[in-house]
Structure formats: structure tokens, C-alpha cells
$ cat my_file-v8.cif   # mmCIF, C-alpha atoms
data_input
#
loop_
_atom_site.label_atom_id
_atom_site.label_comp_id
_atom_site.auth_asym_id
_atom_site.auth_seq_id
_atom_site.Cartn_x
_atom_site.Cartn_y
_atom_site.Cartn_z
CA MET A 1 0.00 0.00 0.00
CA ASN A 2 1.41 3.36 -0.98
CA VAL A 3 1.74 6.31 1.39
CA SER A 4 -1.16 8.20 -0.16
CA ASP A 5 -3.57 5.28 0.30
CA PHE A 6 -2.46 4.76 3.89
CA GLU A 7 -2.95 8.43 4.71
CA PHE A 8 -6.39 8.39 3.08
CA ILE A 9 -7.52 5.40 5.17
CA ALA A 10 -5.97 6.86 8.34
CA LYS A 11 -7.85 10.15 7.88
CA LEU A 12 -11.10 8.35 7.12
CA LEU A 13 -10.81 6.31 10.33
CA LYS A 14 -9.85 9.34 12.40
CA ASP A 15 -12.78 11.40 11.10
CA ARG A 16 -15.35 8.63 11.44
CA SER A 17 -14.30 6.85 14.64
CA GLY A 18 -11.49 8.73 16.36
CA LEU A 19 -9.13 5.79 15.77
CA ALA A 20 -5.56 7.01 15.34
CA LEU A 21 -3.93 4.61 12.89
CA THR A 22 -0.16 4.99 13.10
CA LYS A 23 2.24 3.63 10.49
CA ASP A 24 3.38 0.85 12.83
CA LYS A 25 -0.21 -0.48 12.69
CA ALA A 26 -0.30 -0.57 8.88
CA TYR A 27 -0.19 -4.36 9.00
CA LEU A 28 -3.74 -4.27 10.42
CA LEU A 29 -5.05 -2.87 7.16
CA GLU A 30 -4.44 -6.05 5.21
CA SER A 31 -5.80 -8.42 7.84
CA ARG A 32 -8.91 -6.30 8.46
CA LEU A 33 -9.64 -5.04 4.95
CA ASN A 34 -9.00 -8.14 2.85
CA PRO A 35 -12.27 -9.74 4.08
CA VAL A 36 -14.13 -6.50 3.22
CA ALA A 37 -12.60 -6.51 -0.27
CA ARG A 38 -13.75 -10.11 -0.79
CA LYS A 39 -17.24 -9.30 0.50
CA TRP A 40 -17.55 -6.47 -2.04
CA ASN A 41 -16.00 -8.55 -4.86
CA PHE A 42 -12.96 -6.29 -5.26
CA ALA A 43 -9.76 -7.73 -6.67
CA GLY A 44 -7.87 -6.48 -3.61
CA ILE A 45 -7.33 -3.64 -1.15
CA ASP A 46 -6.10 -1.25 -3.87
CA GLU A 47 -9.39 -1.57 -5.73
CA LEU A 48 -11.30 -1.22 -2.46
CA ILE A 49 -9.53 2.05 -1.66
CA GLN A 50 -10.20 3.36 -5.17
CA ALA A 51 -13.91 2.79 -4.58
CA LEU A 52 -13.70 4.44 -1.17
CA ARG A 53 -12.10 7.54 -2.67
CA THR A 54 -15.14 8.13 -4.88
CA GLY A 55 -17.30 8.45 -1.76
CA LYS A 56 -20.27 7.07 -3.68
CA ASP A 57 -21.14 4.15 -1.39
CA GLU A 58 -21.69 5.02 2.26
CA LYS A 59 -22.27 1.34 3.14
CA LEU A 60 -18.76 0.50 1.90
CA THR A 61 -17.30 3.25 4.09
CA VAL A 62 -19.26 1.95 7.09
CA ASP A 63 -18.04 -1.61 6.46
CA VAL A 64 -14.41 -0.43 6.31
CA VAL A 65 -14.69 1.64 9.51
CA GLU A 66 -16.42 -1.19 11.36
CA ALA A 67 -13.82 -3.71 10.21
CA MET A 68 -11.00 -1.50 11.48
CA THR A 69 -12.61 -0.62 14.81
CA THR A 70 -14.02 -3.97 15.95
CA ASN A 71 -11.86 -5.37 18.76
CA GLU A 72 -11.91 -8.69 20.51
CA SER A 73 -13.50 -9.10 23.91
CA PHE A 74 -13.94 -11.91 26.40
CA PHE A 75 -15.88 -12.72 29.54
CA PHE A 76 -14.58 -11.42 32.89
CA ARG A 77 -11.70 -9.73 31.06
CA ASP A 78 -8.87 -9.01 33.52
CA GLN A 79 -11.16 -10.27 36.33
CA ARG A 80 -10.25 -7.56 38.86
CA PRO A 81 -12.58 -4.86 37.47
CA PHE A 82 -15.54 -7.18 37.85
CA GLU A 83 -14.51 -8.22 41.34
CA GLN A 84 -14.31 -4.51 42.21
CA PHE A 85 -17.78 -4.05 40.73
CA ARG A 86 -19.17 -6.86 42.89
CA THR A 87 -17.42 -6.00 46.17
CA ILE A 88 -17.02 -2.19 46.07
CA VAL A 89 -19.25 -0.51 43.51
CA LEU A 90 -22.39 -2.62 43.92
CA PRO A 91 -22.48 -2.33 47.75
CA TYR A 92 -22.04 1.45 47.38
CA LEU A 93 -24.95 1.66 44.93
CA LEU A 94 -27.15 -0.52 47.13
CA GLU A 95 -26.59 1.92 49.98
CA HIS A 96 -26.66 5.24 48.11
CA ARG A 97 -29.45 4.42 45.63
CA ALA A 98 -31.71 2.79 48.21
CA ALA A 99 -34.31 5.56 48.00
CA GLN A 100 -34.91 5.18 44.25
CA LYS A 101 -33.93 1.50 44.06
CA SER A 102 -32.44 1.91 40.61
CA PHE A 103 -29.15 2.50 38.83
CA ARG A 104 -27.83 2.46 35.28
CA VAL A 105 -24.66 0.97 33.81
CA TRP A 106 -23.14 1.84 30.42
CA SER A 107 -20.81 -0.57 28.63
CA ALA A 108 -19.23 1.65 25.96
CA ALA A 109 -17.58 0.03 22.93
CA CYS A 110 -19.04 -3.29 24.06
CA SER A 111 -17.94 -5.26 20.98
CA SER A 112 -19.61 -8.69 20.86
CA GLY A 113 -21.27 -8.42 24.27
CA GLN A 114 -19.01 -10.27 26.67
CA GLU A 115 -18.56 -7.29 28.99
CA PRO A 116 -22.25 -6.38 29.47
CA TYR A 117 -23.18 -10.05 29.81
CA THR A 118 -20.47 -10.46 32.45
CA LEU A 119 -22.08 -7.59 34.37
CA ALA A 120 -25.50 -9.19 33.90
CA MET A 121 -24.20 -12.46 35.36
CA ILE A 122 -22.76 -10.67 38.39
CA LEU A 123 -26.06 -8.87 38.98
CA LYS A 124 -27.97 -12.12 38.56
CA GLU A 125 -25.73 -13.80 41.13
CA GLU A 126 -26.56 -10.93 43.52
CA ALA A 127 -30.28 -11.07 42.72
CA ALA A 128 -31.35 -11.52 46.36
CA LYS A 129 -29.85 -8.13 47.27
CA LEU A 130 -31.45 -6.49 44.23
CA ALA A 131 -35.02 -7.69 44.76
CA GLY A 132 -37.36 -4.84 43.85
CA TRP A 133 -34.62 -2.85 42.12
CA ARG A 134 -34.61 -1.63 38.53
CA VAL A 135 -31.17 -2.03 36.99
CA GLU A 136 -30.45 -1.03 33.39
CA ILE A 137 -27.42 -2.09 31.38
CA LEU A 138 -26.94 -0.16 28.15
CA ALA A 139 -24.27 -1.47 25.78
CA THR A 140 -23.13 0.52 22.77
CA ASP A 141 -20.72 0.10 19.90
CA LEU A 142 -19.92 1.81 16.62
CA SER A 143 -20.45 -1.41 14.66
CA SER A 144 -24.03 -2.46 13.93
CA GLU A 145 -22.78 -5.85 12.77
CA ILE A 146 -21.02 -6.61 16.05
CA LEU A 147 -24.10 -5.46 17.99
CA ASP A 148 -26.20 -8.01 16.09
CA LYS A 149 -23.79 -10.71 17.28
CA ALA A 150 -24.02 -9.38 20.83
CA ARG A 151 -27.82 -9.42 20.80
CA GLU A 152 -27.79 -13.01 19.57
CA GLY A 153 -25.53 -13.97 22.49
CA LEU A 154 -24.11 -16.94 20.60
CA TYR A 155 -20.46 -17.81 21.22
CA SER A 156 -17.96 -20.41 20.08
CA GLN A 157 -16.30 -22.91 22.41
CA PHE A 158 -13.14 -20.81 22.21
CA GLU A 159 -15.02 -17.65 23.22
CA VAL A 160 -16.68 -19.18 26.28
CA GLN A 161 -13.42 -20.77 27.41
CA ARG A 162 -11.75 -17.34 27.68
CA GLY A 163 -12.39 -16.17 31.22
CA LEU A 164 -15.85 -17.66 31.81
CA PRO A 165 -16.03 -19.97 34.86
CA VAL A 166 -17.45 -23.38 33.99
CA SER A 167 -20.08 -23.02 36.72
CA LEU A 168 -21.48 -19.92 35.04
CA LEU A 169 -21.32 -21.51 31.59
CA VAL A 170 -23.47 -24.39 32.82
CA LYS A 171 -25.81 -22.06 34.70
CA TYR A 172 -26.43 -19.36 32.11
CA PHE A 173 -25.75 -20.89 28.68
CA LYS A 174 -27.28 -23.61 26.55
CA GLN A 175 -25.49 -25.50 23.82
CA VAL A 176 -26.70 -24.83 20.29
CA GLY A 177 -24.84 -27.11 17.89
CA ASP A 178 -21.15 -26.45 18.41
CA ARG A 179 -21.79 -23.06 20.03
CA TRP A 180 -23.16 -21.70 23.31
CA GLN A 181 -26.01 -19.24 23.69
CA ILE A 182 -26.51 -17.10 26.78
CA SER A 183 -29.94 -17.42 28.39
CA ASP A 184 -32.88 -15.31 27.26
CA GLU A 185 -33.14 -13.93 30.79
CA LEU A 186 -29.64 -12.48 30.72
CA ARG A 187 -29.98 -11.26 27.15
CA SER A 188 -33.08 -9.33 28.21
CA MET A 189 -31.05 -7.54 30.90
CA VAL A 190 -28.92 -5.74 28.29
CA GLN A 191 -30.10 -3.11 25.82
CA TYR A 192 -27.90 -2.61 22.75
CA ARG A 193 -27.66 0.61 20.76
CA PRO A 194 -25.29 1.81 18.04
CA PHE A 195 -23.29 4.79 19.25
CA ASN A 196 -20.14 6.61 18.18
CA LEU A 197 -18.05 7.82 21.13
CA LEU A 198 -17.20 10.96 19.14
CA ASP A 199 -20.87 11.99 19.33
CA ASN A 200 -22.67 13.76 22.17
CA PRO A 201 -24.01 11.05 24.52
CA ALA A 202 -26.76 13.24 26.06
CA SER A 203 -29.47 11.11 24.42
CA LEU A 204 -28.25 8.05 26.33
CA GLY A 205 -29.18 9.53 29.71
CA ARG A 206 -27.33 9.55 33.03
CA PHE A 207 -25.28 6.64 34.35
CA ASP A 208 -24.06 5.52 37.74
CA VAL A 209 -21.34 3.24 36.36
CA ILE A 210 -19.57 3.53 33.02
CA PHE A 211 -17.24 0.93 31.53
CA CYS A 212 -15.06 2.38 28.76
CA ARG A 213 -12.21 -0.09 28.86
CA ASN A 214 -9.44 -0.57 26.29
CA VAL A 215 -10.89 2.08 23.99
CA LEU A 216 -8.94 5.26 24.73
CA ILE A 217 -5.64 3.56 23.79
CA TYR A 218 -6.69 3.88 20.13
CA PHE A 219 -7.30 7.65 20.31
CA ASP A 220 -4.94 10.61 20.15
CA PRO A 221 -4.83 12.95 23.22
CA PRO A 222 -7.41 15.52 21.98
CA THR A 223 -9.88 12.73 21.11
CA LYS A 224 -9.33 11.06 24.49
CA ALA A 225 -10.06 14.36 26.22
CA LYS A 226 -13.24 14.87 24.18
CA VAL A 227 -14.53 11.36 24.93
CA LEU A 228 -13.80 11.70 28.65
CA ASP A 229 -15.48 15.10 28.79
CA ASN A 230 -18.55 13.65 27.09
CA ILE A 231 -18.62 10.76 29.56
CA ALA A 232 -18.30 13.17 32.50
CA GLN A 233 -21.42 14.98 31.34
CA GLN A 234 -23.47 11.78 31.58
CA MET A 235 -22.09 10.43 34.85
CA ALA A 236 -23.79 10.77 38.22
CA PRO A 237 -21.84 13.06 40.58
CA ASP A 238 -20.83 10.04 42.67
CA GLY A 239 -20.57 7.63 39.73
CA PHE A 240 -17.76 5.30 38.75
CA LEU A 241 -15.77 5.15 35.51
CA TYR A 242 -13.77 2.06 34.53
CA LEU A 243 -10.85 2.33 32.11
CA GLY A 244 -8.49 -0.36 30.83
CA GLY A 245 -5.27 -1.30 32.59
CA ALA A 246 -3.14 0.67 30.11
CA GLU A 247 -5.36 3.76 30.24
CA THR A 248 -5.46 6.76 32.57
CA VAL A 249 -7.08 10.17 32.90
CA ILE A 250 -3.89 11.74 34.21
CA GLY A 251 -2.56 14.35 31.80
CA THR A 252 -5.68 14.06 29.63
CA THR A 253 -8.56 15.63 31.55
CA ASP A 254 -9.22 17.40 34.84
CA ARG A 255 -12.75 16.02 35.06
CA PHE A 256 -11.76 12.73 36.69
CA GLU A 257 -9.36 11.47 39.32
CA PRO A 258 -8.25 7.94 40.24
CA MET A 259 -10.25 6.29 43.02
CA PRO A 260 -7.83 5.89 45.96
CA GLY A 261 -6.59 2.35 46.32
CA GLN A 262 -8.56 1.04 43.33
CA ARG A 263 -6.61 0.69 40.10
CA GLY A 264 -8.67 1.25 36.96
CA ILE A 265 -11.61 3.04 38.63
CA TYR A 266 -12.06 6.79 38.36
CA THR A 267 -14.49 9.26 39.91
CA LEU A 268 -15.37 12.85 39.09
CA THR A 269 -13.11 15.35 40.84
CA LYS A 270 -14.72 16.95 43.87
CA ALA A 271 -15.09 20.25 42.03
CA ASN A 272 -16.78 18.62 39.03
CA ALA A 273 -19.05 16.49 41.22
CA ALA A 274 -20.06 19.54 43.26
CA ALA A 275 -20.80 21.51 40.10
CA LYS A 276 -23.06 18.73 38.82
CA VAL A 277 -24.94 18.58 42.12
CA LYS A 278 -25.40 22.37 42.10
CA ALA A 279 -26.57 22.32 38.47
CA ALA A 280 -29.11 19.60 39.31
CA GLY A 281 -30.29 22.00 41.97
#

$ encode --input "my_file-v8.cif" --output "C-alpha cells"
Amino acid sequence: MNVSDFEFIAKLLKDRSGLALTKDKAYLLESRLNPVARKWNFAGIDELIQALRTGKDEKLTVDVVEAMTTNESFFFRDQRPFEQFRTIVLPYLLEHRAAQKSFRVWSAACSSGQEPYTLAMILKEEAAKLAGWRVEILATDLSSEILDKAREGLYSQFEVQRGLPVSLLVKYFKQVGDRWQISDELRSMVQYRPFNLLDNPASLGRFDVIFCRNVLIYFDPPTKAKVLDNIAQQMAPDGFLYLGGAETVIGTTDRFEPMPGQRGIYTLTKANAAAKVKAAG
């Protein structure tokens, strides 16, 4: 691929998704775009890019962006964040949301659904404590195709072996041919919506817990700051933000600060939280 084509694709991805494609990631283009070229009956990536340059087919552009931005996920990824959710965040919400008996969780860039379904399993395991509560899990992703897979809740043997305890596989999944499908009950606990993190999330509503893990690493600093500022707008004053192990708010935004003693969890700074409370009036 020549320099001009690479720069064209890089700009397209940056404009559409915020993804910063550096030259050291050029190898991803072939592995991700060759299947798209085959799907559209192009002779190869060069012909695919020629068609993209005309700008005549929006569906082709969407397919390319989705192919480049879809990332793998697995159940109970990194484990600790979910243990923190069960032992720290959930008890806090049970105490501080007792009056309204409700809270909302956002799984941003949810990919094929393993993260929101992991949260659903944790909540189901704690069902006795949540009797009479209304808990919403909203999961969003840029890719409509990956959201269709998430809604279906159908996973290969390889996918369910990655991080999912056997006890929960037996309890919450049924075998369908050579794959496993998560129960209808858990699927009904998660709402899926297409959403681009570059857009204003006001329409999504307010959240008490937001998971935005392993997403910011693909953005440049200004885009990271924009996404975090957008998230801050939609977070409850005493809400919790989860980022990936290689991500931080430090040096990017003054809206959030690390939660003392809890790696990977962030809260609004006292000044920002106070301002939100005052604005709510």
C-alpha cells in the first residue's frame, strides 16, 4: 500500500471513529480489509480504496470503519474490574441508591457483548440483594454488525473458554450445535444501541457506572479528552468510571481522578461532582 492510500484510510478512520492509525499499525489494514474486499468482490485492497475515494457508497465506508474498529472481547476480562464491581461498587450503589432503588450501567464500545453479559451475570448472582430494584445495562458500539452478534448472544467454544467460569457456563448458557447461547433472561437484561463515542451522549441519559475499557488507547490525546469530557457529562456526581489497565485520565482531563486504592476506577473530581450537584439544583 502506498503512502497516499495509507494516509487516506488513516484520515477516514480518524474522522469517522477517532481511531488514530499509526504507520506501525499498517499491518492491520491487510488483515482487516481483505475480508471486506472479498465481500464487495474487489480484486484487492487497492481496488477497495479506489472505490472508497469516490465516496459514492456510504455502506462501503461503514463496512471499512467497522472492520477497522471492531476489537476482541472476552468474559470477565482481567477479572479484577468485575470483582471490584461486585465487592465495592455494587455495595455502594445498594446503599446510596436505596431511596430510588435503581441504577444504570453503560458498557461503551461493548464489541460482541461479553462485557455487558459479564455484568449481567454478576447482577444475577446478587439477585437476592437487588429484589425490587430496577437495573439497566446499556451497551453501545460503533459497529451495527457486532451489535447483532451481541444481541444473539451466541459464542464459540473458544469464546466461552476465555475467562468464563465453567459453573457460570453451565448455569447461564445452553449448547446450540457447536456453540453456546446465553440465556434469554440475561440477554433481556442488556439493551444494545449503536453509538459513536465521538458523538454527544446526552441522548443516552445519566449513568451511575460507566465501563469504557481498552478504547482510549486507540485515540490521540485531543480525542481522548473529548470522549472523557462527554462521559463526564453523563455520569452521576458520585458515579464510577472504569478504564483499561493501560489507560489513565492523568494528563488528559481534569474532570476525573483515580479512586484511591482502586486501580482502573475513576471518579469525578470533587469540584466537578459539586458543580453537577449544584446544576441539578

$ closest_residue --input "my_file-v8.cif" --among "A:Thr118, A:Ser203, A:Thr269, A:Ser111" --to "A:Leu147" --atoms "only C-alpha atoms"
A:Ser111

$ atom_distance --input "my_file-v8.cif" --atom1 "atom CA of A:Ser144" --atom2 "atom CA of A:Leu168"
27.5 Å

$ atom_distance --input "my_file-v8.cif" --atom1 "atom CA of A:Phe103" --atom2 "atom CA of A:Ser167"
27.2 Å

$ residues_around --input "my_file-v8.cif" --residues "stretch 90-98 of chain A" --least-positions-apart "5" --cutoff "9 Å" --atoms "all atoms listed in the file" --output "list in words"
Gln84, Phe85, Phe103, Leu123, Lys129, Leu130, Trp133 and Asp208 of chain A

$ residues_around --input "my_file-v8.cif" --residues "A:Phe75" --least-positions-apart "6" --cutoff "7 Å" --atoms "all atoms listed in the file" --output "MDAnalysis selection string"
chainID A and resid 114:115 118 162:164

$ atom_distance --input "my_file-v8.cif" --atom1 "atom CA of A:Ala99" --atom2 "atom CA of A:Val209"
17.6 Å

$ resolve_selection --input "my_file-v8.cif" --expression "the PyMOL selection byres ((chain A and resi 67) around 12)" --output "MDAnalysis selection string"
chainID A and resid 13 17 19 28:37 39 60:66 68:72 111 142:146

$ closest_residue --input "my_file-v8.cif" --among "A:Ala275, A:Pro194, A:Pro237, A:Ala232" --to "A:Asp254" --atoms "all atoms listed in the file"
A:Ala232

$ residues_near_point --input "my_file-v8.cif" --point "(-32.1, -2.1, 25.8)" --cutoff "8 Å" --atoms "all atoms listed in the file" --output "list in words"
Glu136, Ile137, Leu138, Ala139, Ser188, Met189, Val190, Gln191, Tyr192 and Arg193 of chain A

$ closest_residue --input "my_file-v8.cif" --among "A:Phe195, A:Phe76, A:Tyr242, A:Tyr117" --to "A:Phe211" --atoms "all atoms listed in the file"
A:Tyr242

$ resolve_selection --input "my_file-v8.cif" --expression "the PyMOL selection byres ((chain A and resi 156) around 8)" --output "list in words"
Leu154, Tyr155, Gln157, Phe158, Glu159, Val160, Asp178, Arg179 and Trp180 of chain A

$ closest_residue --input "my_file-v8.cif" --among "A:Gln234, A:Leu12, A:Ile122, A:Trp40" --to "A:Gln79" --atoms "all atoms listed in the file"
A:Ile122

$ closest_residue --input "my_file-v8.cif" --among "A:Val3, A:Val249, A:Gln233, A:Ala43" --to "A:Leu216" --atoms "all atoms listed in the file"
A:Val249

$ closest_residue --input "my_file-v8.cif" --among "A:Cys110, A:Ala120, A:Ala236, A:Val176" --to "A:Val135" --atoms "only C-alpha atoms"
A:Ala120

$ residues_around --input "my_file-v8.cif" --residues "A:Pro258" --least-positions-apart "4" --cutoff "12 Å" --atoms "only C-alpha atoms" --output "PyMOL selection string"
chain A and resi 240-243+247-250+253-254+262-270

$ resolve_selection --input "my_file-v8.cif" --expression "the PyMOL selection byres ((chain A and resi 170) around 12)" --output "ChimeraX atom specification"
/A:160-161,164-169,171-175,180-183

$ axis_aligned_box --input "my_file-v8.cif" --around "stretch 9-28 of chain A" --padding-each-side "3 Å" --output "JSON"
{"center_x": -6.0, "center_y": 3.5, "center_z": 10.8, "size_x": 24.7, "size_y": 21.8, "size_z": 17.2}
